[in-house]
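As stored in coords.pdb (PDB, C-alpha atoms and all ligand atoms):
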```
ATOM      1  CA  MET L 965     117.075  40.447 254.991  1.00  0.00           C
ATOM      2  CA  VAL L 966     115.441  43.830 254.555  1.00  0.00           C
ATOM      3  CA  ARG L 967     115.255  44.676 250.843  1.00  0.00           C
ATOM      4  CA  ASP L 968     114.773  47.978 249.037  1.00  0.00           C
ATOM      5  CA  ILE L 969     111.228  49.036 248.216  1.00  0.00           C
ATOM      6  CA  VAL L 970     110.453  49.981 244.629  1.00  0.00           C
ATOM      7  CA  ILE L 971     109.005  53.502 244.718  1.00  0.00           C
ATOM      8  CA  TYR L 972     106.467  55.130 242.375  1.00  0.00           C
ATOM      9  CA  PRO L 973     106.810  56.017 239.463  1.00  0.00           C
ATOM     10  CA  ASP L 974     109.262  53.150 238.903  1.00  0.00           C
ATOM     11  CA  LYS L 975     107.984  51.213 235.864  1.00  0.00           C
ATOM     12  CA  ARG L 976     108.522  47.856 237.533  1.00  0.00           C
ATOM     13  CA  LEU L 977     105.401  48.522 239.595  1.00  0.00           C
ATOM     14  CA  LYS L 978     103.365  48.334 236.366  1.00  0.00           C
ATOM     15  CA  GLN L 979     104.587  44.855 235.594  1.00  0.00           C
ATOM     16  CA  LYS L 980     102.182  41.926 235.806  1.00  0.00           C
ATOM     17  CA  SER L 981     103.569  39.303 238.194  1.00  0.00           C
ATOM     18  CA  GLN L 982     103.994  35.660 237.196  1.00  0.00           C
ATOM     19  CA  GLU L 983     102.473  32.581 238.773  1.00  0.00           C
ATOM     20  CA  VAL L 984     104.608  30.658 241.275  1.00  0.00           C
ATOM     21  CA  THR L 985     105.219  27.048 240.243  1.00  0.00           C
ATOM     22  CA  GLU L 986     107.987  26.010 242.628  1.00  0.00           C
ATOM     23  CA  PHE L 987     107.398  26.040 246.359  1.00  0.00           C
ATOM     24  CA  ASN L 988     111.026  25.787 247.294  1.00  0.00           C
ATOM     25  CA  GLU L 989     113.704  27.308 249.499  1.00  0.00           C
ATOM     26  CA  GLU L 990     113.953  30.369 247.246  1.00  0.00           C
ATOM     27  CA  LEU L 991     110.254  31.114 247.726  1.00  0.00           C
ATOM     28  CA  HIS L 992     110.590  30.710 251.485  1.00  0.00           C
ATOM     29  CA  ARG L 993     113.513  33.109 251.550  1.00  0.00           C
ATOM     30  CA  LEU L 994     111.505  35.600 249.517  1.00  0.00           C
ATOM     31  CA  LEU L 995     108.599  35.356 251.980  1.00  0.00           C
ATOM     32  CA  ASP L 996     110.912  35.766 254.972  1.00  0.00           C
ATOM     33  CA  ASP L 997     112.575  38.801 253.392  1.00  0.00           C
ATOM     34  CA  MET L 998     109.183  40.285 252.560  1.00  0.00           C
ATOM     35  CA  TYR L 999     108.137  40.001 256.197  1.00  0.00           C
ATOM     36  CA  GLU L1000     111.340  41.641 257.446  1.00  0.00           C
ATOM     37  CA  THR L1001     111.043  44.418 254.878  1.00  0.00           C
ATOM     38  CA  MET L1002     107.360  45.068 255.615  1.00  0.00           C
ATOM     39  CA  VAL L1003     107.964  45.295 259.361  1.00  0.00           C
ATOM     40  CA  ALA L1004     111.074  47.486 258.931  1.00  0.00           C
ATOM     41  CA  LYS L1005     109.020  49.934 256.827  1.00  0.00           C
ATOM     42  CA  ASN L1006     105.958  49.843 259.108  1.00  0.00           C
ATOM     43  CA  GLY L1007     103.687  48.305 256.508  1.00  0.00           C
ATOM     44  CA  VAL L1008     100.723  45.989 256.974  1.00  0.00           C
ATOM     45  CA  GLY L1009     101.070  44.332 253.585  1.00  0.00           C
ATOM     46  CA  LEU L1010     103.572  43.853 250.790  1.00  0.00           C
ATOM     47  CA  ALA L1011     103.584  42.356 247.318  1.00  0.00           C
ATOM     48  CA  ALA L1012     106.736  40.738 245.907  1.00  0.00           C
ATOM     49  CA  ILE L1013     106.916  43.228 243.028  1.00  0.00           C
ATOM     50  CA  GLN L1014     107.453  45.963 245.632  1.00  0.00           C
ATOM     51  CA  ILE L1015     110.865  44.447 246.255  1.00  0.00           C
ATOM     52  CA  ALA L1016     111.352  43.965 242.501  1.00  0.00           C
ATOM     53  CA  VAL L1017     110.356  40.282 242.341  1.00  0.00           C
ATOM     54  CA  PRO L1018     107.582  39.834 239.745  1.00  0.00           C
ATOM     55  CA  LYS L1019     105.942  36.779 241.322  1.00  0.00           C
ATOM     56  CA  ARG L1020     102.355  36.317 242.455  1.00  0.00           C
ATOM     57  CA  VAL L1021     103.218  36.492 246.130  1.00  0.00           C
ATOM     58  CA  LEU L1022     101.848  38.826 248.788  1.00  0.00           C
ATOM     59  CA  ILE L1023     101.849  39.020 252.543  1.00  0.00           C
ATOM     60  CA  ILE L1024      99.572  40.750 255.028  1.00  0.00           C
ATOM     61  CA  ASN L1025     100.028  41.141 258.762  1.00  0.00           C
ATOM     62  CA  VAL L1026      97.280  43.047 260.531  1.00  0.00           C
ATOM     63  CA  PRO L1027      98.790  44.718 263.632  1.00  0.00           C
ATOM     64  CA  ILE L1028      97.359  43.614 266.987  1.00  0.00           C
ATOM     65  CA  GLU L1029      95.893  46.766 268.518  1.00  0.00           C
ATOM     66  CA  GLU L1030      95.840  45.398 272.060  1.00  0.00           C
ATOM     67  CA  GLN L1031      99.568  44.671 271.776  1.00  0.00           C
ATOM     68  CA  ASP L1032     100.765  48.104 270.664  1.00  0.00           C
ATOM     69  CA  GLY L1033     100.404  47.175 267.024  1.00  0.00           C
ATOM     70  CA  ALA L1034     102.652  44.126 267.225  1.00  0.00           C
ATOM     71  CA  GLN L1035     103.034  42.053 264.050  1.00  0.00           C
ATOM     72  CA  PRO L1036     104.422  38.668 265.098  1.00  0.00           C
ATOM     73  CA  LYS L1037     105.757  36.609 262.205  1.00  0.00           C
ATOM     74  CA  GLU L1038     103.413  33.719 262.929  1.00  0.00           C
ATOM     75  CA  ASN L1039     100.459  36.037 262.239  1.00  0.00           C
ATOM     76  CA  THR L1040     101.648  36.714 258.699  1.00  0.00           C
ATOM     77  CA  LEU L1041      99.256  35.654 256.009  1.00  0.00           C
ATOM     78  CA  GLU L1042     101.391  34.343 253.144  1.00  0.00           C
ATOM     79  CA  ILE L1043      99.404  34.294 249.930  1.00  0.00           C
ATOM     80  CA  ILE L1044     100.658  32.733 246.720  1.00  0.00           C
ATOM     81  CA  ASN L1045      98.816  32.642 243.380  1.00  0.00           C
ATOM     82  CA  PRO L1046      95.637  34.248 244.757  1.00  0.00           C
ATOM     83  CA  GLN L1047      92.355  34.133 242.875  1.00  0.00           C
ATOM     84  CA  PHE L1048      89.185  35.927 243.918  1.00  0.00           C
ATOM     85  CA  LEU L1049      86.180  33.621 243.921  1.00  0.00           C
ATOM     86  CA  GLU L1050      83.619  36.174 245.088  1.00  0.00           C
ATOM     87  CA  MET L1051      83.531  39.917 245.705  1.00  0.00           C
ATOM     88  CA  SER L1052      80.525  41.965 246.765  1.00  0.00           C
ATOM     89  CA  GLY L1053      79.327  45.122 248.467  1.00  0.00           C
ATOM     90  CA  LYS L1054      81.147  48.423 248.608  1.00  0.00           C
ATOM     91  CA  THR L1055      83.266  50.202 251.176  1.00  0.00           C
ATOM     92  CA  LYS L1056      85.691  53.098 251.403  1.00  0.00           C
ATOM     93  CA  TYR L1057      88.933  53.159 253.309  1.00  0.00           C
ATOM     94  CA  GLN L1058      91.918  55.472 253.551  1.00  0.00           C
ATOM     95  CA  GLU L1059      94.768  53.547 251.956  1.00  0.00           C
ATOM     96  CA  GLY L1060      98.496  54.013 251.818  1.00  0.00           C
ATOM     97  CA  CYS L1061     101.280  52.072 250.142  1.00  0.00           C
ATOM     98  CA  LEU L1062     104.982  51.522 250.878  1.00  0.00           C
ATOM     99  CA  SER L1063     105.660  52.271 247.205  1.00  0.00           C
ATOM    100  CA  VAL L1064     103.916  55.646 247.500  1.00  0.00           C
ATOM    101  CA  PRO L1065     105.286  56.692 250.913  1.00  0.00           C
ATOM    102  CA  GLY L1066     103.600  59.475 252.836  1.00  0.00           C
ATOM    103  CA  TYR L1067     100.445  59.586 250.731  1.00  0.00           C
ATOM    104  CA  TYR L1068      97.032  58.433 251.945  1.00  0.00           C
ATOM    105  CA  GLU L1069      93.672  58.688 250.243  1.00  0.00           C
ATOM    106  CA  ASP L1070      90.206  57.157 250.340  1.00  0.00           C
ATOM    107  CA  VAL L1071      89.726  54.333 247.882  1.00  0.00           C
ATOM    108  CA  GLU L1072      86.574  52.422 247.065  1.00  0.00           C
ATOM    109  CA  ARG L1073      86.769  48.629 247.343  1.00  0.00           C
ATOM    110  CA  TYR L1074      84.547  45.602 247.640  1.00  0.00           C
ATOM    111  CA  LYS L1075      83.365  45.031 251.187  1.00  0.00           C
ATOM    112  CA  TYR L1076      83.445  41.247 251.011  1.00  0.00           C
ATOM    113  CA  VAL L1077      85.896  38.969 249.258  1.00  0.00           C
ATOM    114  CA  LYS L1078      86.413  35.234 249.058  1.00  0.00           C
ATOM    115  CA  LEU L1079      89.852  34.189 247.937  1.00  0.00           C
ATOM    116  CA  LYS L1080      91.572  30.971 246.914  1.00  0.00           C
ATOM    117  CA  TYR L1081      95.346  30.831 247.340  1.00  0.00           C
ATOM    118  CA  GLN L1082      98.331  28.619 248.074  1.00  0.00           C
ATOM    119  CA  ASP L1083     100.601  28.740 251.099  1.00  0.00           C
ATOM    120  CA  ARG L1084     104.421  28.495 251.074  1.00  0.00           C
ATOM    121  CA  HIS L1085     104.177  24.716 250.661  1.00  0.00           C
ATOM    122  CA  GLY L1086     101.764  24.879 247.756  1.00  0.00           C
ATOM    123  CA  LYS L1087      98.765  23.779 249.779  1.00  0.00           C
ATOM    124  CA  GLU L1088      95.468  25.358 248.720  1.00  0.00           C
ATOM    125  CA  HIS L1089      93.331  27.414 251.092  1.00  0.00           C
ATOM    126  CA  ILE L1090      90.165  29.469 250.931  1.00  0.00           C
ATOM    127  CA  LEU L1091      89.724  32.620 252.953  1.00  0.00           C
ATOM    128  CA  GLU L1092      86.918  35.139 253.274  1.00  0.00           C
ATOM    129  CA  ASP L1093      86.652  38.507 254.980  1.00  0.00           C
ATOM    130  CA  ASP L1094      84.476  41.621 255.044  1.00  0.00           C
ATOM    131  CA  ASP L1095      86.692  43.873 257.130  1.00  0.00           C
ATOM    132  CA  PHE L1096      90.173  45.391 256.949  1.00  0.00           C
ATOM    133  CA  LEU L1097      91.724  42.197 255.604  1.00  0.00           C
ATOM    134  CA  ALA L1098      89.387  42.251 252.593  1.00  0.00           C
ATOM    135  CA  ILE L1099      90.638  45.728 251.709  1.00  0.00           C
ATOM    136  CA  ALA L1100      94.289  44.805 252.194  1.00  0.00           C
ATOM    137  CA  LEU L1101      93.849  41.727 249.993  1.00  0.00           C
ATOM    138  CA  GLN L1102      92.429  43.829 247.163  1.00  0.00           C
ATOM    139  CA  HIS L1103      95.201  46.432 247.508  1.00  0.00           C
ATOM    140  CA  GLU L1104      97.985  43.824 247.444  1.00  0.00           C
ATOM    141  CA  TYR L1105      96.339  41.809 244.677  1.00  0.00           C
ATOM    142  CA  ASP L1106      96.307  44.922 242.509  1.00  0.00           C
ATOM    143  CA  HIS L1107     100.117  45.049 242.811  1.00  0.00           C
ATOM    144  CA  LEU L1108     100.282  41.601 241.176  1.00  0.00           C
ATOM    145  CA  GLU L1109      98.336  43.053 238.255  1.00  0.00           C
ATOM    146  CA  GLY L1110     100.667  46.036 238.016  1.00  0.00           C
ATOM    147  CA  LYS L1111      98.164  48.453 239.533  1.00  0.00           C
ATOM    148  CA  LEU L1112      98.502  51.006 242.323  1.00  0.00           C
ATOM    149  CA  PHE L1113      95.799  52.486 244.554  1.00  0.00           C
ATOM    150  CA  ILE L1114      96.436  55.964 243.166  1.00  0.00           C
ATOM    151  CA  GLU L1115      95.075  54.728 239.835  1.00  0.00           C
ATOM    152  CA  LYS L1116      91.700  54.363 241.504  1.00  0.00           C
ATOM    153  CA  LEU L1117      91.490  58.048 242.454  1.00  0.00           C
ATOM    154  CA  SER L1118      89.279  60.537 240.657  1.00  0.00           C
ATOM    155  CA  ILE L1119      90.999  62.564 237.920  1.00  0.00           C
ATOM    156  CA  ILE L1120      91.060  65.659 240.136  1.00  0.00           C
ATOM    157  CA  LYS L1121      92.598  63.845 243.103  1.00  0.00           C
ATOM    158  CA  ARG L1122      95.063  62.087 240.841  1.00  0.00           C
ATOM    159  CA  LYS L1123      96.227  65.403 239.365  1.00  0.00           C
ATOM    160  CA  LYS L1124      96.606  66.867 242.818  1.00  0.00           C
ATOM    161  CA  PHE L1125      98.618  63.839 243.863  1.00  0.00           C
ATOM    162  CA  GLU L1126     100.977  64.044 240.858  1.00  0.00           C
ATOM    163  CA  LYS L1127     101.601  67.710 241.609  1.00  0.00           C
ATOM    164  CA  GLU L1128     102.354  67.073 245.283  1.00  0.00           C
ATOM    165  CA  TRP L1129     104.486  64.054 244.444  1.00  0.00           C
ATOM    166  CA  LYS L1130     106.636  66.023 242.012  1.00  0.00           C
ATOM    167  CA  LYS L1131     107.108  68.780 244.569  1.00  0.00           C
ATOM    168  CA  LYS L1132     108.341  66.309 247.149  1.00  0.00           C
ATOM    169  CA  GLY L1133     110.882  65.034 244.634  1.00  0.00           C
ATOM    170  CA  PRO L1134     113.608  62.500 245.335  1.00  0.00           C
ATOM    171  CA  LYS L1135     113.379  63.176 249.081  1.00  0.00           C
ATOM    172  CA  SER L1136     110.421  60.849 249.207  1.00  0.00           C
ATOM    173  CA  LYS L1137     112.446  58.021 247.733  1.00  0.00           C
ATOM    174  CA  LYS L1138     113.444  56.404 250.955  1.00  0.00           C
TER     175      LYS L1138
HETATM  176 CO    CO L1201     100.772  48.894 248.107  1.00  0.00          CO
END
```
Output the file's structure in the form of structure tokens.
Amino acid sequence: MVRDIVIYPDKRLKQKSQEVTEFNEELHRLLDDMYETMVAKNGVGLAAIQIAVPKRVLIINVPIEEQDGAQPKENTLEIINPQFLEMSGKTKYQEGCLSVPGYYEDVERYKYVKLKYQDRHGKEHILEDDDFLAIALQHEYDHLEGKLFIEKLSIIKRKKFEKEWKKKGPKSKK
């Protein structure tokens, strides 16, 4: 089921998400709904808090360029209770967010990350990346901590954003 996306400046986005302890049917439904919602909104990643569920759950599905940007469900990375083990280097990438629709800006991130997480059955995995996935992981992880990418902008860019965002008004809340 496609769910509504929580849009900035909704206060729920500032909430810190809670650890998942039960890997049950409810969690699986949440993950399935997150995938449907992300695809319906043309996103590459989504954190549970973006559909108003404050749990430490995020998904990422990097579109396959050679297949017209397809995002098959089996390619979805389902990440529960993530913990960064290592982060290093620096990179910059133009980010966007389904909770801040229509706005894109360069954000500085770590180039390399190593992450420990659980899958939908509670099994532990370790994953590392130094490319697009590393950036997406950091962006989505921030949502679990109640942070948005616009908080990483310089003061000048942030002010400019707030001005533009206000001008756009409730129209952007789709
Ligand atoms: Co986001």
Margin query: Starting from the PyMOL selection byres (((chain L and resi 1011-1027) around 8) and not hetatm), expand the selection into actual residues of this file and give them as number ranges by chain.
Written below: L: 967-971, 976-977, 979-984, 994-995, 998-999, 1008-1010, 1028-1029, 1033-1035, 1039-1046, 1063, 1097, 1100-1101, 1104-1105, 1107-1108
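Here atom CA of Lys1123 of chain L is placed at a distance of 20.7 Å from atom CA of His1103 of chain L.
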Next item on the list: For Glu1092 of chain L, work out the shell of residues within 7 Å, counting all atoms listed in the file and skipping chain neighbours fewer than 6 positions away, then give it as a list in words.
Entry: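 Skipping anything fewer than 6 positions along the chain leaves Val1077, Lys1078 and Leu1079 of chain L.
Taking atom CA of Glu1128 of chain L and atom CA of Ala1004 of chain L as the two end points, the separation is 25.4 Å.
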Checklist line | Counting all atoms listed in the file, the option among L:Glu1000, L:Asp1106, L:Asp1093, L:Glu1115 closest to ligand CO 1201 (chain L) | finding: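 Among the listed residues, the smallest separation from ligand CO 1201 (chain L) belongs to L:Asp1106.
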Notebook entry, point to check: Can you list, as a ChimeraX atom specification, every protein, DNA or RNA residue that comes within 7 Å of Tyr1057 of chain L when you count all atoms listed in the file, leaving out same-chain residues fewer than 2 positions away?
Noted result: /L:1055,1059,1070-1072
Check: Of the candidates L:Lys1054, L:Lys1127, L:His992, L:His1089, which shows the shortest atom-to-atom distance to Tyr1076 of chain L, using all atoms listed in the file?
Finding: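 Closest residue, counting all atoms listed in the file: L:Lys1054.
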Next item on the list: May I ask which of the residues L:Arg1073, L:Lys1080, L:Lys1111, L:Lys1087 is the closest one to ligand CO 1201 (chain L), counting all atoms listed in the file?
Entry: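 When distances to ligand CO 1201 (chain L) are compared using all atoms listed in the file, the smallest one comes from L:Lys1111.
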Note to self: What's the separation between atom CA of Met1002 of chain L and atom CA of Leu1117 of chain L, in Å to one decimal place?
What the structure shows: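 These atoms are spaced 24.4 Å apart.
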Please reconstruct the missing atoms of segment 968-979 of chain L (target: all heavy atoms) and return them as a PDB file, in the frame of the given file.
```pdb
ATOM      1  N   ASP L 968     115.221  46.646 249.448  1.00  0.00           N
ATOM      2  CA  ASP L 968     114.773  47.978 249.037  1.00  0.00           C
ATOM      3  C   ASP L 968     113.369  47.913 248.451  1.00  0.00           C
ATOM      4  O   ASP L 968     113.035  46.988 247.715  1.00  0.00           O
ATOM      5  CB  ASP L 968     115.717  48.556 247.968  1.00  0.00           C
ATOM      6  CG  ASP L 968     117.034  48.998 248.574  1.00  0.00           C
ATOM      7  OD1 ASP L 968     117.068  49.225 249.800  1.00  0.00           O
ATOM      8  OD2 ASP L 968     118.019  49.096 247.829  1.00  0.00           O
ATOM      9  N   ILE L 969     112.582  48.936 248.763  1.00  0.00           N
ATOM     10  CA  ILE L 969     111.228  49.036 248.216  1.00  0.00           C
ATOM     11  C   ILE L 969     111.272  49.807 246.895  1.00  0.00           C
ATOM     12  O   ILE L 969     111.940  50.840 246.792  1.00  0.00           O
ATOM     13  CB  ILE L 969     110.304  49.784 249.205  1.00  0.00           C
ATOM     14  CG1 ILE L 969     110.250  49.063 250.556  1.00  0.00           C
ATOM     15  CG2 ILE L 969     108.918  49.991 248.616  1.00  0.00           C
ATOM     16  CD1 ILE L 969     109.116  48.117 250.753  1.00  0.00           C
ATOM     17  N   VAL L 970     110.584  49.296 245.911  1.00  0.00           N
ATOM     18  CA  VAL L 970     110.453  49.981 244.629  1.00  0.00           C
ATOM     19  C   VAL L 970     109.423  51.103 244.798  1.00  0.00           C
ATOM     20  O   VAL L 970     108.303  50.862 245.256  1.00  0.00           O
ATOM     21  CB  VAL L 970     109.994  49.005 243.522  1.00  0.00           C
ATOM     22  CG1 VAL L 970     109.833  49.738 242.197  1.00  0.00           C
ATOM     23  CG2 VAL L 970     110.973  47.841 243.394  1.00  0.00           C
ATOM     24  N   ILE L 971     109.840  52.323 244.468  1.00  0.00           N
ATOM     25  CA  ILE L 971     109.005  53.502 244.718  1.00  0.00           C
ATOM     26  C   ILE L 971     108.413  54.055 243.410  1.00  0.00           C
ATOM     27  O   ILE L 971     109.089  54.095 242.385  1.00  0.00           O
ATOM     28  CB  ILE L 971     109.860  54.611 245.401  1.00  0.00           C
ATOM     29  CG1 ILE L 971     110.476  54.104 246.720  1.00  0.00           C
ATOM     30  CG2 ILE L 971     109.038  55.885 245.640  1.00  0.00           C
ATOM     31  CD1 ILE L 971     109.503  53.839 247.828  1.00  0.00           C
ATOM     32  N   TYR L 972     107.143  54.462 243.483  1.00  0.00           N
ATOM     33  CA  TYR L 972     106.467  55.130 242.375  1.00  0.00           C
ATOM     34  C   TYR L 972     107.272  56.351 241.933  1.00  0.00           C
ATOM     35  O   TYR L 972     107.788  57.055 242.804  1.00  0.00           O
ATOM     36  CB  TYR L 972     105.063  55.561 242.824  1.00  0.00           C
ATOM     37  CG  TYR L 972     104.285  56.298 241.768  1.00  0.00           C
ATOM     38  CD1 TYR L 972     103.616  55.610 240.770  1.00  0.00           C
ATOM     39  CD2 TYR L 972     104.249  57.697 241.764  1.00  0.00           C
ATOM     40  CE1 TYR L 972     102.927  56.299 239.792  1.00  0.00           C
ATOM     41  CE2 TYR L 972     103.552  58.380 240.780  1.00  0.00           C
ATOM     42  CZ  TYR L 972     102.899  57.674 239.799  1.00  0.00           C
ATOM     43  OH  TYR L 972     102.220  58.352 238.837  1.00  0.00           O
ATOM     44  N   PRO L 973     107.425  56.650 240.639  1.00  0.00           N
ATOM     45  CA  PRO L 973     106.810  56.017 239.463  1.00  0.00           C
ATOM     46  C   PRO L 973     107.685  54.962 238.769  1.00  0.00           C
ATOM     47  O   PRO L 973     107.614  54.829 237.551  1.00  0.00           O
ATOM     48  CB  PRO L 973     106.591  57.226 238.542  1.00  0.00           C
ATOM     49  CG  PRO L 973     107.766  58.117 238.838  1.00  0.00           C
ATOM     50  CD  PRO L 973     108.145  57.875 240.270  1.00  0.00           C
ATOM     51  N   ASP L 974     108.445  54.219 239.494  1.00  0.00           N
ATOM     52  CA  ASP L 974     109.262  53.150 238.903  1.00  0.00           C
ATOM     53  C   ASP L 974     108.375  52.220 238.048  1.00  0.00           C
ATOM     54  O   ASP L 974     107.340  51.742 238.527  1.00  0.00           O
ATOM     55  CB  ASP L 974     109.914  52.351 240.038  1.00  0.00           C
ATOM     56  CG  ASP L 974     111.031  51.455 239.533  1.00  0.00           C
ATOM     57  OD1 ASP L 974     110.775  50.656 238.602  1.00  0.00           O
ATOM     58  OD2 ASP L 974     112.149  51.542 240.068  1.00  0.00           O
ATOM     59  N   LYS L 975     108.796  51.983 236.822  1.00  0.00           N
ATOM     60  CA  LYS L 975     107.984  51.213 235.864  1.00  0.00           C
ATOM     61  C   LYS L 975     107.778  49.758 236.277  1.00  0.00           C
ATOM     62  O   LYS L 975     106.831  49.110 235.834  1.00  0.00           O
ATOM     63  CB  LYS L 975     108.634  51.252 234.481  1.00  0.00           C
ATOM     64  CG  LYS L 975     108.429  52.583 233.790  1.00  0.00           C
ATOM     65  CD  LYS L 975     108.600  52.443 232.285  1.00  0.00           C
ATOM     66  CE  LYS L 975     108.112  53.681 231.552  1.00  0.00           C
ATOM     67  NZ  LYS L 975     108.769  54.912 231.994  1.00  0.00           N
ATOM     68  N   ARG L 976     108.669  49.260 237.114  1.00  0.00           N
ATOM     69  CA  ARG L 976     108.522  47.856 237.533  1.00  0.00           C
ATOM     70  C   ARG L 976     107.197  47.611 238.254  1.00  0.00           C
ATOM     71  O   ARG L 976     106.661  46.508 238.232  1.00  0.00           O
ATOM     72  CB  ARG L 976     109.692  47.450 238.438  1.00  0.00           C
ATOM     73  CG  ARG L 976     110.985  47.259 237.651  1.00  0.00           C
ATOM     74  CD  ARG L 976     112.152  47.019 238.568  1.00  0.00           C
ATOM     75  NE  ARG L 976     112.503  48.232 239.296  1.00  0.00           N
ATOM     76  CZ  ARG L 976     113.523  48.312 240.141  1.00  0.00           C
ATOM     77  NH1 ARG L 976     114.278  47.251 240.374  1.00  0.00           N
ATOM     78  NH2 ARG L 976     113.800  49.445 240.762  1.00  0.00           N
ATOM     79  N   LEU L 977     106.669  48.669 238.874  1.00  0.00           N
ATOM     80  CA  LEU L 977     105.401  48.522 239.595  1.00  0.00           C
ATOM     81  C   LEU L 977     104.224  48.274 238.651  1.00  0.00           C
ATOM     82  O   LEU L 977     103.150  47.869 239.085  1.00  0.00           O
ATOM     83  CB  LEU L 977     105.130  49.762 240.449  1.00  0.00           C
ATOM     84  CG  LEU L 977     106.096  49.984 241.623  1.00  0.00           C
ATOM     85  CD1 LEU L 977     105.902  51.373 242.210  1.00  0.00           C
ATOM     86  CD2 LEU L 977     105.897  48.921 242.691  1.00  0.00           C
ATOM     87  N   LYS L 978     104.430  48.532 237.357  1.00  0.00           N
ATOM     88  CA  LYS L 978     103.365  48.334 236.366  1.00  0.00           C
ATOM     89  C   LYS L 978     103.380  46.929 235.759  1.00  0.00           C
ATOM     90  O   LYS L 978     102.507  46.559 234.978  1.00  0.00           O
ATOM     91  CB  LYS L 978     103.505  49.362 235.238  1.00  0.00           C
ATOM     92  CG  LYS L 978     103.218  50.778 235.688  1.00  0.00           C
ATOM     93  CD  LYS L 978     103.369  51.754 234.541  1.00  0.00           C
ATOM     94  CE  LYS L 978     102.067  52.100 233.869  1.00  0.00           C
ATOM     95  NZ  LYS L 978     101.142  52.919 234.620  1.00  0.00           N
ATOM     96  N   GLN L 979     104.404  46.192 236.132  1.00  0.00           N
ATOM     97  CA  GLN L 979     104.587  44.855 235.594  1.00  0.00           C
ATOM     98  C   GLN L 979     103.550  43.889 236.161  1.00  0.00           C
ATOM     99  O   GLN L 979     103.222  43.957 237.340  1.00  0.00           O
ATOM    100  CB  GLN L 979     105.970  44.400 236.064  1.00  0.00           C
ATOM    101  CG  GLN L 979     106.719  43.528 235.136  1.00  0.00           C
ATOM    102  CD  GLN L 979     108.098  43.233 235.719  1.00  0.00           C
ATOM    103  OE1 GLN L 979     108.719  44.081 236.362  1.00  0.00           O
ATOM    104  NE2 GLN L 979     108.553  42.037 235.498  1.00  0.00           N
TER     105      GLN L 979
END
```
